[in-house]
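Chemist: Next up, final-v4.txt (compact mmCIF, C-alpha atoms and all ligand atoms).
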# COMPACT_ATOMS: atom_id res chain seq x y z
CA MET A 15 105.06 86.74 122.15
CA ASP A 16 105.62 85.04 118.78
CA TYR A 17 106.44 88.14 116.74
CA ASN A 18 107.42 86.13 113.65
CA ALA A 19 103.99 84.52 113.52
CA ILE A 20 102.24 87.85 114.11
CA LEU A 21 104.16 89.57 111.30
CA GLN A 22 103.41 86.68 108.93
CA GLU A 23 99.70 86.92 109.76
CA ILE A 24 99.73 90.65 109.11
CA ALA A 25 101.46 90.22 105.74
CA GLU A 26 98.70 87.76 104.74
CA GLU A 27 95.86 89.90 106.03
CA VAL A 28 96.96 93.07 104.21
CA LYS A 29 97.28 91.30 100.83
CA PRO A 30 93.67 92.05 99.79
CA LEU A 31 94.38 95.77 100.26
CA MET A 32 97.24 95.79 97.75
CA GLY A 33 96.05 97.68 94.70
CA GLN A 34 94.16 100.25 96.77
CA GLY A 35 95.65 103.71 97.24
CA LYS A 36 97.97 105.60 94.92
CA VAL A 37 101.74 106.10 94.89
CA ALA A 38 103.03 109.67 95.19
CA ASP A 39 103.19 111.05 91.66
CA TYR A 40 104.51 114.59 92.05
CA ILE A 41 107.95 113.47 90.81
CA PRO A 42 108.74 110.70 88.27
CA ALA A 43 111.21 108.93 90.59
CA LEU A 44 108.40 108.18 93.07
CA ALA A 45 105.60 107.74 90.50
CA ASN A 46 107.39 104.79 88.88
CA ILE A 47 107.59 102.64 92.02
CA ASN A 48 105.78 99.30 92.04
CA PRO A 49 102.91 99.84 94.53
CA ASN A 50 102.53 96.15 95.41
CA GLN A 51 105.42 95.98 97.86
CA PHE A 52 105.31 95.49 101.60
CA ALA A 53 107.78 95.28 104.46
CA MET A 54 107.56 95.48 108.22
CA THR A 55 110.25 95.27 110.91
CA ILE A 56 110.24 95.57 114.68
CA THR A 57 113.42 96.12 116.69
CA LEU A 58 113.51 95.27 120.39
CA PHE A 59 115.74 96.93 123.01
CA ASP A 60 118.38 94.19 122.81
CA GLY A 61 118.63 94.72 119.04
CA THR A 62 116.65 91.64 118.06
CA GLN A 63 114.78 92.25 114.83
CA TYR A 64 111.74 90.53 113.34
CA SER A 65 110.84 91.28 109.74
CA VAL A 66 108.41 90.27 107.05
CA GLY A 67 108.39 91.17 103.33
CA SER A 68 111.02 93.25 101.52
CA ALA A 69 112.75 94.51 104.65
CA ASP A 70 116.09 94.99 102.86
CA THR A 71 114.66 97.14 100.07
CA LEU A 72 115.65 100.79 100.32
CA PHE A 73 112.98 103.45 99.74
CA SER A 74 112.65 107.21 99.98
CA ILE A 75 112.00 108.13 103.62
CA GLN A 76 110.56 111.55 102.65
CA SER A 77 108.78 113.14 105.61
CA ILE A 78 110.05 110.58 108.11
CA SER A 79 113.25 112.66 107.87
CA LYS A 80 111.36 115.49 109.62
CA LEU A 81 111.56 113.45 112.81
CA TYR A 82 115.35 113.41 112.70
CA THR A 83 115.69 117.11 111.80
CA PHE A 84 113.29 118.03 114.62
CA THR A 85 115.40 115.98 117.05
CA LEU A 86 118.60 117.69 115.89
CA ALA A 87 117.09 121.17 116.09
CA LEU A 88 115.84 120.47 119.62
CA LYS A 89 119.37 119.42 120.55
CA HIS A 90 120.70 122.75 119.26
CA TYR A 91 117.96 125.14 120.37
CA GLY A 92 115.88 123.45 123.07
CA TYR A 93 112.74 125.39 123.95
CA GLU A 94 113.84 128.42 121.87
CA LEU A 95 112.83 126.49 118.76
CA TYR A 96 109.16 126.97 119.64
CA LYS A 97 109.47 130.68 118.92
CA ARG A 98 109.56 129.68 115.25
CA ILE A 99 107.23 126.65 115.09
CA GLY A 100 104.20 125.48 117.01
CA ARG A 101 103.15 122.05 118.26
CA GLU A 102 99.50 121.89 117.33
CA PRO A 103 97.94 119.63 114.70
CA SER A 104 97.27 121.62 111.55
CA GLY A 105 94.14 119.81 110.38
CA ASN A 106 95.34 120.67 106.87
CA PRO A 107 97.25 118.80 104.15
CA PHE A 108 101.02 118.58 104.67
CA ASN A 109 101.83 121.14 101.97
CA SER A 110 99.04 123.64 102.65
CA LEU A 111 99.72 127.38 102.41
CA VAL A 112 96.50 128.84 103.83
CA GLN A 113 97.14 128.69 107.59
CA LEU A 114 100.60 130.21 107.22
CA GLU A 115 99.23 133.48 105.91
CA TYR A 116 96.90 134.20 108.81
CA GLU A 117 99.26 132.75 111.42
CA HIS A 118 102.04 135.14 110.38
CA GLY A 119 104.49 132.63 108.92
CA ILE A 120 104.73 130.45 112.07
CA PRO A 121 103.99 126.85 111.01
CA ARG A 122 101.69 124.84 113.25
CA ASN A 123 104.19 122.03 113.87
CA PRO A 124 107.57 120.61 112.72
CA PHE A 125 106.03 117.76 110.70
CA ILE A 126 104.10 119.67 108.05
CA ASN A 127 106.28 120.88 105.18
CA ALA A 128 106.38 124.51 106.33
CA GLY A 129 107.48 123.46 109.83
CA ALA A 130 110.15 121.13 108.50
CA ILE A 131 111.48 123.88 106.24
CA VAL A 132 111.83 126.20 109.27
CA VAL A 133 113.57 123.40 111.19
CA THR A 134 115.97 122.92 108.26
CA ASP A 135 116.60 126.68 108.22
CA ALA A 136 117.38 126.55 111.96
CA LEU A 137 119.90 123.76 111.32
CA MET A 138 121.45 125.88 108.57
CA ASP A 139 121.94 128.74 111.02
CA HIS A 140 124.71 126.45 112.34
CA HIS A 141 125.90 125.26 108.93
CA PRO A 142 124.88 127.79 106.25
CA GLN A 143 126.32 125.65 103.45
CA SER A 144 123.67 123.28 102.14
CA ASP A 145 126.03 120.30 101.82
CA ILE A 146 127.40 120.62 105.35
CA ALA A 147 123.93 120.99 106.82
CA TYR A 148 122.81 117.91 104.89
CA ASN A 149 125.86 115.95 106.07
CA GLU A 150 125.04 116.77 109.70
CA ILE A 151 121.50 115.41 109.24
CA ARG A 152 122.68 112.31 107.35
CA ASP A 153 125.41 111.57 109.91
CA PHE A 154 122.92 111.82 112.77
CA ILE A 155 120.62 109.35 110.99
CA ARG A 156 123.58 107.02 110.36
CA LEU A 157 124.41 107.20 114.06
CA ILE A 158 120.96 106.44 115.44
CA ALA A 159 120.25 103.78 112.82
CA ASP A 160 123.71 102.28 113.39
CA GLU A 161 124.20 102.05 109.64
CA THR A 162 127.03 103.90 107.87
CA THR A 163 125.77 103.40 104.31
CA ILE A 164 122.68 105.61 104.58
CA ASP A 165 122.55 108.42 102.00
CA ARG A 166 120.22 110.33 99.68
CA ASP A 167 119.08 109.41 96.19
CA GLU A 168 120.41 112.35 94.21
CA ILE A 169 117.93 111.89 91.38
CA VAL A 170 115.03 112.22 93.82
CA ALA A 171 116.63 115.26 95.49
CA ARG A 172 117.12 117.03 92.15
CA SER A 173 113.71 116.07 90.82
CA GLU A 174 112.00 117.43 93.97
CA MET A 175 113.68 120.78 93.33
CA GLU A 176 112.55 120.82 89.70
CA HIS A 177 108.95 120.29 90.84
CA GLY A 178 109.26 122.18 94.12
CA TYR A 179 106.94 125.11 93.40
CA ARG A 180 104.75 124.66 96.45
CA ASN A 181 107.60 124.15 98.93
CA LEU A 182 109.38 127.18 97.46
CA ALA A 183 106.14 129.12 97.88
CA LEU A 184 105.97 128.06 101.55
CA ALA A 185 109.58 129.10 102.10
CA ASN A 186 109.07 132.44 100.37
CA LEU A 187 105.92 133.19 102.35
CA MET A 188 107.73 132.44 105.63
CA LYS A 189 110.72 134.52 104.55
CA SER A 190 108.35 137.46 104.02
CA PHE A 191 107.32 137.09 107.68
CA GLY A 192 110.98 136.94 108.77
CA ASN A 193 110.84 133.25 109.76
CA ILE A 194 113.55 132.03 107.33
CA ASN A 195 117.11 133.28 107.85
CA ASN A 196 119.08 131.60 105.09
CA ASP A 197 118.87 131.66 101.31
CA ILE A 198 115.51 130.21 100.17
CA LEU A 199 116.98 127.97 97.47
CA ASP A 200 119.64 126.58 99.82
CA VAL A 201 117.12 125.87 102.57
CA VAL A 202 114.64 124.14 100.26
CA GLN A 203 117.42 122.12 98.57
CA THR A 204 118.64 120.96 101.99
CA TYR A 205 115.07 120.04 102.91
CA PHE A 206 114.74 118.01 99.68
CA ASN A 207 118.12 116.39 100.29
CA HIS A 208 117.03 114.99 103.63
CA CYS A 209 113.62 113.95 102.25
CA ALA A 210 115.50 112.00 99.52
CA ILE A 211 117.39 109.84 102.03
CA GLU A 212 116.86 106.13 101.45
CA MET A 213 116.46 103.53 104.19
CA ASN A 214 114.75 100.18 104.66
CA THR A 215 112.40 99.06 107.43
CA LYS A 216 115.25 97.38 109.36
CA MET A 217 117.20 100.65 109.55
CA LEU A 218 114.12 102.75 110.28
CA SER A 219 112.83 100.60 113.12
CA ARG A 220 116.33 100.50 114.68
CA SER A 221 116.49 104.29 114.50
CA MET A 222 113.35 104.66 116.64
CA LEU A 223 114.80 103.05 119.75
CA TYR A 224 116.00 106.31 121.33
CA LEU A 225 112.44 107.63 121.14
CA ALA A 226 111.10 104.48 122.77
CA ASN A 227 113.66 104.84 125.58
CA HIS A 228 113.49 108.45 126.86
CA GLY A 229 116.15 109.74 124.45
CA THR A 230 118.84 107.14 125.22
CA ASP A 231 119.84 104.36 122.83
CA PRO A 232 119.07 101.13 124.73
CA ILE A 233 121.70 99.17 122.78
CA ASN A 234 124.81 101.35 123.13
CA GLY A 235 123.71 103.60 126.03
CA GLU A 236 124.29 106.79 124.02
CA VAL A 237 122.20 109.75 125.25
CA TYR A 238 120.87 111.59 122.18
CA ILE A 239 118.31 113.90 123.80
CA THR A 240 116.80 114.51 127.24
CA PRO A 241 113.84 112.47 128.49
CA GLN A 242 111.72 115.62 128.32
CA GLN A 243 112.64 116.20 124.67
CA ALA A 244 111.87 112.56 123.85
CA LYS A 245 108.49 112.91 125.54
CA ARG A 246 107.74 115.99 123.46
CA ILE A 247 108.81 114.46 120.15
CA ASN A 248 106.59 111.45 120.84
CA ALA A 249 103.70 113.76 121.73
CA VAL A 250 104.10 115.70 118.48
CA MET A 251 104.32 112.42 116.54
CA LEU A 252 101.06 111.28 118.09
CA THR A 253 99.22 114.52 117.44
CA CYS A 254 100.81 115.68 114.16
CA GLY A 255 102.72 112.74 112.61
CA HIS A 256 100.09 111.97 109.97
CA TYR A 257 99.01 115.50 109.02
CA ASP A 258 95.24 115.79 108.73
CA ALA A 259 94.91 112.05 109.41
CA SER A 260 96.73 112.21 112.76
CA GLY A 261 93.54 111.77 114.78
CA ASP A 262 92.55 108.83 112.62
CA PHE A 263 95.97 107.19 113.04
CA ALA A 264 95.82 107.60 116.84
CA PHE A 265 92.27 106.23 116.79
CA HIS A 266 93.15 103.11 114.77
CA VAL A 267 96.77 102.42 115.75
CA GLY A 268 97.25 104.11 119.13
CA LEU A 269 100.98 104.82 118.81
CA PRO A 270 103.18 107.85 118.12
CA GLY A 271 104.07 107.56 114.43
CA LYS A 272 105.47 109.47 111.48
CA SER A 273 104.73 108.85 107.83
CA GLY A 274 106.36 109.84 104.53
CA VAL A 275 105.02 109.96 100.97
CA GLY A 276 107.52 107.26 100.01
CA GLY A 277 105.08 104.91 101.81
CA GLY A 278 107.09 104.42 104.99
CA ILE A 279 105.74 104.80 108.52
CA VAL A 280 107.74 104.61 111.76
CA ALA A 281 106.11 104.08 115.14
CA VAL A 282 107.22 103.79 118.73
CA ILE A 283 106.07 101.49 121.52
CA PRO A 284 107.52 103.13 124.66
CA LYS A 285 109.90 100.89 126.64
CA GLN A 286 109.42 98.07 124.11
CA MET A 287 110.42 98.57 120.49
CA GLY A 288 110.75 100.60 117.32
CA ILE A 289 108.56 99.68 114.34
CA ALA A 290 108.77 100.48 110.65
CA VAL A 291 106.42 99.52 107.87
CA TRP A 292 106.50 100.25 104.14
CA SER A 293 104.08 99.96 101.27
CA PRO A 294 104.18 102.69 98.60
CA ALA A 295 100.48 103.24 97.82
CA LEU A 296 99.04 106.13 99.82
CA ASN A 297 95.62 107.03 101.19
CA GLY A 298 94.00 110.41 100.52
CA GLN A 299 96.05 112.16 103.19
CA GLY A 300 99.40 110.95 101.84
CA ASN A 301 100.02 108.14 104.34
CA SER A 302 100.71 104.51 103.41
CA LEU A 303 97.34 102.79 103.13
CA VAL A 304 98.58 99.24 103.70
CA GLY A 305 101.17 100.45 106.23
CA THR A 306 98.52 102.08 108.40
CA HIS A 307 96.42 98.90 108.33
CA ALA A 308 99.44 96.75 109.16
CA LEU A 309 100.18 98.88 112.22
CA GLU A 310 96.55 98.71 113.32
CA LEU A 311 96.67 94.92 113.02
CA PHE A 312 99.92 94.86 115.01
CA THR A 313 98.56 96.81 117.98
CA THR A 314 95.31 94.82 117.87
CA LYS A 315 97.03 91.44 117.80
CA THR A 316 99.68 92.24 120.42
CA GLY A 317 97.60 94.49 122.68
CA LEU A 318 100.58 96.85 122.62
CA SER A 319 99.52 100.46 122.22
CA ILE A 320 100.03 103.44 124.46
CA PHE A 321 96.40 103.40 125.54
N1 LIG A 401 109.37 115.83 99.85
C1 LIG A 401 107.93 115.80 100.11
C2 LIG A 401 107.38 117.19 99.92
O1 LIG A 401 108.04 118.10 100.33
C3 LIG A 401 107.68 115.29 101.50
C4 LIG A 401 106.22 115.22 101.82
C5 LIG A 401 105.81 114.03 102.65
O2 LIG A 401 106.51 113.01 102.76
N2 LIG A 401 104.62 114.12 103.19
O3 LIG A 401 106.33 117.39 99.37
Starting from the file, lay out its structure as structure tokens.
Modeler:
Amino acid sequence: MDYNAILQEIAEEVKPLMGQGKVADYIPALANINPNQFAMTITLFDGTQYSVGSADTLFSIQSISKLYTFTLALKHYGYELYKRIGREPSGNPFNSLVQLEYEHGIPRNPFINAGAIVVTDALMDHHPQSDIAYNEIRDFIRLIADETTIDRDEIVARSEMEHGYRNLALANLMKSFGNINNDILDVVQTYFNHCAIEMNTKMLSRSMLYLANHGTDPINGEVYITPQQAKRINAVMLTCGHYDASGDFAFHVGLPGKSGVGGGIVAVIPKQMGIAVWSPALNGQGNSLVGTHALELFTTKTGLSIF
């Protein structure tokens, strides 16, 4: 397949959509980003990459980081983790509080904010100091992306905390139900630290290969998680990776995927490749508008989806 030609076509075909959607504006560092940017990269199992657009530009991965923290927590806790979080789509916005009250502080899944905060708390049970817990997460991402320079943008991390009322409310509510063990401020700061990690589409698509290959990195043979855990992470990506637009994403794109409010989306084609796309303007559910369309075009043009 001529992936270069396909990516070029996609970049042309999404151009008319630039200008639609809205960048995340809950913190100044994200609100000031130029919305008219686009990048897409695919990484094959032999490491070959095809890219189009600004594939070297770093951006805030935001909720894509929830995929890496979920992986790490599964490594530490296995099935035990599901005592503290579910694996059902929430059907609610990513930062919603309502369900948590009547479901006794157990978040629906690890990809909504409440679930990711519990996952971060679980990681801090191993490393109660915020910085050490963050370093474990960052180092894991560096490992699977095969890129030692990856780190957080400290301005974004600090700014998230200054505007973090809703996430602090989620953490406090869960603490009242006994589902947060560590200090609320430390847990939420660690959560913001990993959301503030910066990557580009080349790094992100490379980092998806273990999920496309039953938990084992196809390039260096490293086993990161079991095949069963990889199956489950992919299943949760498919059903919960785009919050209350997860059904719509599965319907249009047909791949397990995870989005972030920085405008990035990662997706997995089992046994074939990792994909990452980026365009900062978001649709109403907080997922990249152009990125979602680009992925839909990719699966349509290549015939590669899981269905
Ligand atoms: N840091 C963001 C928040 O907590 C992440 C949300 C997202 O990417 N959907 O609100």
Chemist: Name all residues at most 9 Å from Ala183 in chain A (count all atoms listed in the file; drop same-chain ones fewer than 5 positions away) and give them as a PyMOL selection string.
Modeler: chain A and resi 111+178+188
Chemist: Neighbouring residues of Asp16 in chain A were defined as those with any atom within 12 Å, considering all atoms listed in the file; residues of the same chain fewer than 3 positions away were excluded. Please report them as a list in words.
Modeler: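 The neighbour list is Ala19, Ile20, Leu21, Gln22, Glu23, Tyr64, Phe312, Lys315 and Thr316 of chain A.
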Chemist: Report the distance between CA of Arg180 in chain A and CA of Gly92 in chain A in Å, rounded to one decimal place.
Modeler: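 Those two atoms sit 28.9 Å apart.
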Chemist: Out of A:Ile164, A:Ile56, A:Ile239, A:Val275, which residue has the shortest atom-to-atom distance to ligand LIG 401 (chain A) when counting only C-alpha atoms and all ligand atoms?
Modeler: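 Looking only at the distances to ligand LIG 401 (chain A), the closest residue turns out to be A:Val275.
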Chemist: Just to confirm, what's the straight-line distance from CA of Met222 in chain A to CA of Glu310 in chain A in Å (one decimal)?
Modeler: 18.1 Å
Chemist: Report as JSON lines: every residue of chain A with an atom at most 9 Å from ligand LIG 401 (chain A), its closest pair of atoms, and their distance in Å to one decimal, counting all atoms listed in the file, with rows sorted by chain and ascending residue number.
Modeler:
{"residue": "A:Ala38", "atom": "CA", "partner": "A:LIG401", "partner_atom": "O2", "distance": 9.0}
{"residue": "A:Tyr40", "atom": "CA", "partner": "A:LIG401", "partner_atom": "O3", "distance": 8.0}
{"residue": "A:Ser74", "atom": "CA", "partner": "A:LIG401", "partner_atom": "O2", "distance": 8.9}
{"residue": "A:Ile75", "atom": "CA", "partner": "A:LIG401", "partner_atom": "O2", "distance": 7.4}
{"residue": "A:Gln76", "atom": "CA", "partner": "A:LIG401", "partner_atom": "O2", "distance": 4.3}
{"residue": "A:Ser77", "atom": "CA", "partner": "A:LIG401", "partner_atom": "O2", "distance": 3.6}
{"residue": "A:Ile78", "atom": "CA", "partner": "A:LIG401", "partner_atom": "O2", "distance": 6.9}
{"residue": "A:Ser79", "atom": "CA", "partner": "A:LIG401", "partner_atom": "O2", "distance": 8.5}
{"residue": "A:Lys80", "atom": "CA", "partner": "A:LIG401", "partner_atom": "O2", "distance": 8.8}
{"residue": "A:Pro107", "atom": "CA", "partner": "A:LIG401", "partner_atom": "N2", "distance": 8.8}
{"residue": "A:Phe108", "atom": "CA", "partner": "A:LIG401", "partner_atom": "N2", "distance": 5.9}
{"residue": "A:Asn109", "atom": "CA", "partner": "A:LIG401", "partner_atom": "O3", "distance": 6.4}
{"residue": "A:Phe125", "atom": "CA", "partner": "A:LIG401", "partner_atom": "N2", "distance": 8.5}
{"residue": "A:Ile126", "atom": "CA", "partner": "A:LIG401", "partner_atom": "N2", "distance": 7.4}
{"residue": "A:Asn127", "atom": "CA", "partner": "A:LIG401", "partner_atom": "O1", "distance": 5.9}
{"residue": "A:Ala128", "atom": "CA", "partner": "A:LIG401", "partner_atom": "O1", "distance": 8.9}
{"residue": "A:Ala130", "atom": "CA", "partner": "A:LIG401", "partner_atom": "O1", "distance": 9.0}
{"residue": "A:Ile131", "atom": "CA", "partner": "A:LIG401", "partner_atom": "O1", "distance": 9.0}
{"residue": "A:Ala171", "atom": "CA", "partner": "A:LIG401", "partner_atom": "N1", "distance": 8.5}
{"residue": "A:Glu174", "atom": "CA", "partner": "A:LIG401", "partner_atom": "N1", "distance": 6.6}
{"residue": "A:Gly178", "atom": "CA", "partner": "A:LIG401", "partner_atom": "O1", "distance": 7.5}
{"residue": "A:Arg180", "atom": "CA", "partner": "A:LIG401", "partner_atom": "O3", "distance": 8.0}
{"residue": "A:Asn181", "atom": "CA", "partner": "A:LIG401", "partner_atom": "O1", "distance": 6.2}
{"residue": "A:Val202", "atom": "CA", "partner": "A:LIG401", "partner_atom": "O1", "distance": 8.9}
{"residue": "A:Tyr205", "atom": "CA", "partner": "A:LIG401", "partner_atom": "N1", "distance": 7.7}
{"residue": "A:Phe206", "atom": "CA", "partner": "A:LIG401", "partner_atom": "N1", "distance": 5.8}
{"residue": "A:Asn207", "atom": "CA", "partner": "A:LIG401", "partner_atom": "N1", "distance": 8.8}
{"residue": "A:His208", "atom": "CA", "partner": "A:LIG401", "partner_atom": "N1", "distance": 8.6}
{"residue": "A:Cys209", "atom": "CA", "partner": "A:LIG401", "partner_atom": "N1", "distance": 5.2}
{"residue": "A:Ala210", "atom": "CA", "partner": "A:LIG401", "partner_atom": "N1", "distance": 7.2}
{"residue": "A:His256", "atom": "CA", "partner": "A:LIG401", "partner_atom": "N2", "distance": 8.4}
{"residue": "A:Tyr257", "atom": "CA", "partner": "A:LIG401", "partner_atom": "N2", "distance": 8.2}
{"residue": "A:Ser273", "atom": "CA", "partner": "A:LIG401", "partner_atom": "O2", "distance": 6.8}
{"residue": "A:Gly274", "atom": "CA", "partner": "A:LIG401", "partner_atom": "O2", "distance": 3.6}
{"residue": "A:Val275", "atom": "CA", "partner": "A:LIG401", "partner_atom": "O2", "distance": 3.8}
{"residue": "A:Gly276", "atom": "CA", "partner": "A:LIG401", "partner_atom": "O2", "distance": 6.5}
{"residue": "A:Gly277", "atom": "CA", "partner": "A:LIG401", "partner_atom": "O2", "distance": 8.3}
{"residue": "A:Gly278", "atom": "CA", "partner": "A:LIG401", "partner_atom": "O2", "distance": 8.9}
{"residue": "A:Gln299", "atom": "CA", "partner": "A:LIG401", "partner_atom": "N2", "distance": 8.8}
{"residue": "A:Gly300", "atom": "CA", "partner": "A:LIG401", "partner_atom": "N2", "distance": 6.3}
{"residue": "A:Asn301", "atom": "CA", "partner": "A:LIG401", "partner_atom": "N2", "distance": 7.6}
Chemist: Go ahead and save the residues from that selection, with C-alpha atoms, as a PDB file, in the frame of the given file.
Modeler:
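Resulting contents of selection-v6.pdb:
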ATOM      1  CA  ALA A  38     103.030 109.670  95.190  1.00  0.00           C
ATOM      2  CA  TYR A  40     104.510 114.590  92.050  1.00  0.00           C
ATOM      3  CA  SER A  74     112.650 107.210  99.980  1.00  0.00           C
ATOM      4  CA  ILE A  75     112.000 108.130 103.620  1.00  0.00           C
ATOM      5  CA  GLN A  76     110.560 111.550 102.650  1.00  0.00           C
ATOM      6  CA  SER A  77     108.780 113.140 105.610  1.00  0.00           C
ATOM      7  CA  ILE A  78     110.050 110.580 108.110  1.00  0.00           C
ATOM      8  CA  SER A  79     113.250 112.660 107.870  1.00  0.00           C
ATOM      9  CA  LYS A  80     111.360 115.490 109.620  1.00  0.00           C
ATOM     10  CA  PRO A 107      97.250 118.800 104.150  1.00  0.00           C
ATOM     11  CA  PHE A 108     101.020 118.580 104.670  1.00  0.00           C
ATOM     12  CA  ASN A 109     101.830 121.140 101.970  1.00  0.00           C
ATOM     13  CA  PHE A 125     106.030 117.760 110.700  1.00  0.00           C
ATOM     14  CA  ILE A 126     104.100 119.670 108.050  1.00  0.00           C
ATOM     15  CA  ASN A 127     106.280 120.880 105.180  1.00  0.00           C
ATOM     16  CA  ALA A 128     106.380 124.510 106.330  1.00  0.00           C
ATOM     17  CA  ALA A 130     110.150 121.130 108.500  1.00  0.00           C
ATOM     18  CA  ILE A 131     111.480 123.880 106.240  1.00  0.00           C
ATOM     19  CA  ALA A 171     116.630 115.260  95.490  1.00  0.00           C
ATOM     20  CA  GLU A 174     112.000 117.430  93.970  1.00  0.00           C
ATOM     21  CA  GLY A 178     109.260 122.180  94.120  1.00  0.00           C
ATOM     22  CA  ARG A 180     104.750 124.660  96.450  1.00  0.00           C
ATOM     23  CA  ASN A 181     107.600 124.150  98.930  1.00  0.00           C
ATOM     24  CA  VAL A 202     114.640 124.140 100.260  1.00  0.00           C
ATOM     25  CA  TYR A 205     115.070 120.040 102.910  1.00  0.00           C
ATOM     26  CA  PHE A 206     114.740 118.010  99.680  1.00  0.00           C
ATOM     27  CA  ASN A 207     118.120 116.390 100.290  1.00  0.00           C
ATOM     28  CA  HIS A 208     117.030 114.990 103.630  1.00  0.00           C
ATOM     29  CA  CYS A 209     113.620 113.950 102.250  1.00  0.00           C
ATOM     30  CA  ALA A 210     115.500 112.000  99.520  1.00  0.00           C
ATOM     31  CA  HIS A 256     100.090 111.970 109.970  1.00  0.00           C
ATOM     32  CA  TYR A 257      99.010 115.500 109.020  1.00  0.00           C
ATOM     33  CA  SER A 273     104.730 108.850 107.830  1.00  0.00           C
ATOM     34  CA  GLY A 274     106.360 109.840 104.530  1.00  0.00           C
ATOM     35  CA  VAL A 275     105.020 109.960 100.970  1.00  0.00           C
ATOM     36  CA  GLY A 276     107.520 107.260 100.010  1.00  0.00           C
ATOM     37  CA  GLY A 277     105.080 104.910 101.810  1.00  0.00           C
ATOM     38  CA  GLY A 278     107.090 104.420 104.990  1.00  0.00           C
ATOM     39  CA  GLN A 299      96.050 112.160 103.190  1.00  0.00           C
ATOM     40  CA  GLY A 300      99.400 110.950 101.840  1.00  0.00           C
ATOM     41  CA  ASN A 301     100.020 108.140 104.340  1.00  0.00           C
TER      42      ASN A 301
END
Chemist: Give the answer as one residue: which of A:Met15, A:Arg220, A:Gln242, A:Asn214 has the shortest atom-to-atom distance to Gly317 in chain A, using all atoms listed in the file?
Modeler: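 The answer is A:Met15, which sits nearest to Gly317 in chain A.
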Chemist: Would you pick out the contacts of Gly35 in chain A at 10 Å or less, using only C-alpha atoms, so that residues sharing its chain but fewer than 6 positions from it are not included, and give the list as a list in words?
Modeler: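 Close residues of Gly35 in chain A: Pro49, Pro294, Ala295, Leu296, Asn297, Gly298, Gly300, Asn301, Ser302, Leu303 and Val304 of chain A.
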Chemist: Would you pick out the contacts of range 140-147 of chain A at 9 Å or less, using all atoms listed in the file, so that residues sharing its chain but fewer than 5 positions from it are not included, and give the list as JSON, numbers by chain?
Modeler: {"A": [90, 134, 135, 152, 196, 197, 200, 201, 203, 204, 207]}
Chemist: Restricting the calculation to only C-alpha atoms, which member of A:Asp262, A:Asp160, A:Glu117, A:Glu26 is positioned closest to Gly67 in chain A?
Modeler: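 Residue with the minimum atom-to-atom distance to Gly67 in chain A: A:Glu26.
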Chemist: So what do you get for CA of Tyr17 in chain A versus CA of Lys285 in chain A, distance-wise?
Modeler: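 Straight-line distance from CA of Tyr17 in chain A to CA of Lys285 in chain A works out to 16.5 Å.
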Chemist: Show me the residues around (109.4, 105.7, 115.8) - criterion: an atom at most 7 Å away, all atoms listed in the file counted - as a short mmCIF file (atom, residue, chain, number, x, y, z; two decimals) with C-alpha atoms, keeping the file's coordinate frame.
Modeler:
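What landed in part-v4.cif:
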data_model
loop_
_atom_site.label_atom_id
_atom_site.label_comp_id
_atom_site.auth_asym_id
_atom_site.auth_seq_id
_atom_site.Cartn_x
_atom_site.Cartn_y
_atom_site.Cartn_z
CA SER A 219 112.83 100.60 113.12
CA MET A 222 113.35 104.66 116.64
CA LEU A 225 112.44 107.63 121.14
CA PRO A 270 103.18 107.85 118.12
CA GLY A 271 104.07 107.56 114.43
CA LYS A 272 105.47 109.47 111.48
CA VAL A 280 107.74 104.61 111.76
CA ALA A 281 106.11 104.08 115.14
CA VAL A 282 107.22 103.79 118.73
CA GLY A 288 110.75 100.60 117.32
CA ILE A 289 108.56 99.68 114.34
#
Chemist: With all atoms listed in the file as the basis for distance, which of A:Ile279, A:Ile151, A:Val112, A:Tyr224 is at the shortest distance from Ile247 in chain A?
Modeler: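 With all atoms listed in the file as the atom set, the closest residue is A:Tyr224.
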Chemist: Quick one: of A:Ile211, A:Leu223, A:Leu95, A:Met54, who's nearest to Ile169 in chain A, counting all atoms listed in the file?
Modeler: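 Distance minimum relative to Ile169 in chain A lands on A:Ile211.
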Chemist: When you count all atoms listed in the file, which of these residues is closest to Tyr96 in chain A: A:Val133, A:Ala244, A:Cys254, A:Ala69?
Modeler: A:Val133
Chemist: What lies within 8 Å of Leu187 in chain A using only C-alpha atoms, ignoring chain neighbours under 2 positions off, as a VMD selection string?
Modeler: chain A and resid 114 to 115 119 183 to 185 189 to 191
Chemist: Taking (117.4, 106.7, 119.0) in the file's coordinates as the center, which residues reach within 12 Å of it, counting all atoms listed in the file, put as a VMD selection string?
Modeler: chain A and resid 57 59 81 to 82 85 to 86 154 to 160 217 to 241 244 247 to 248 282 284 287 to 288
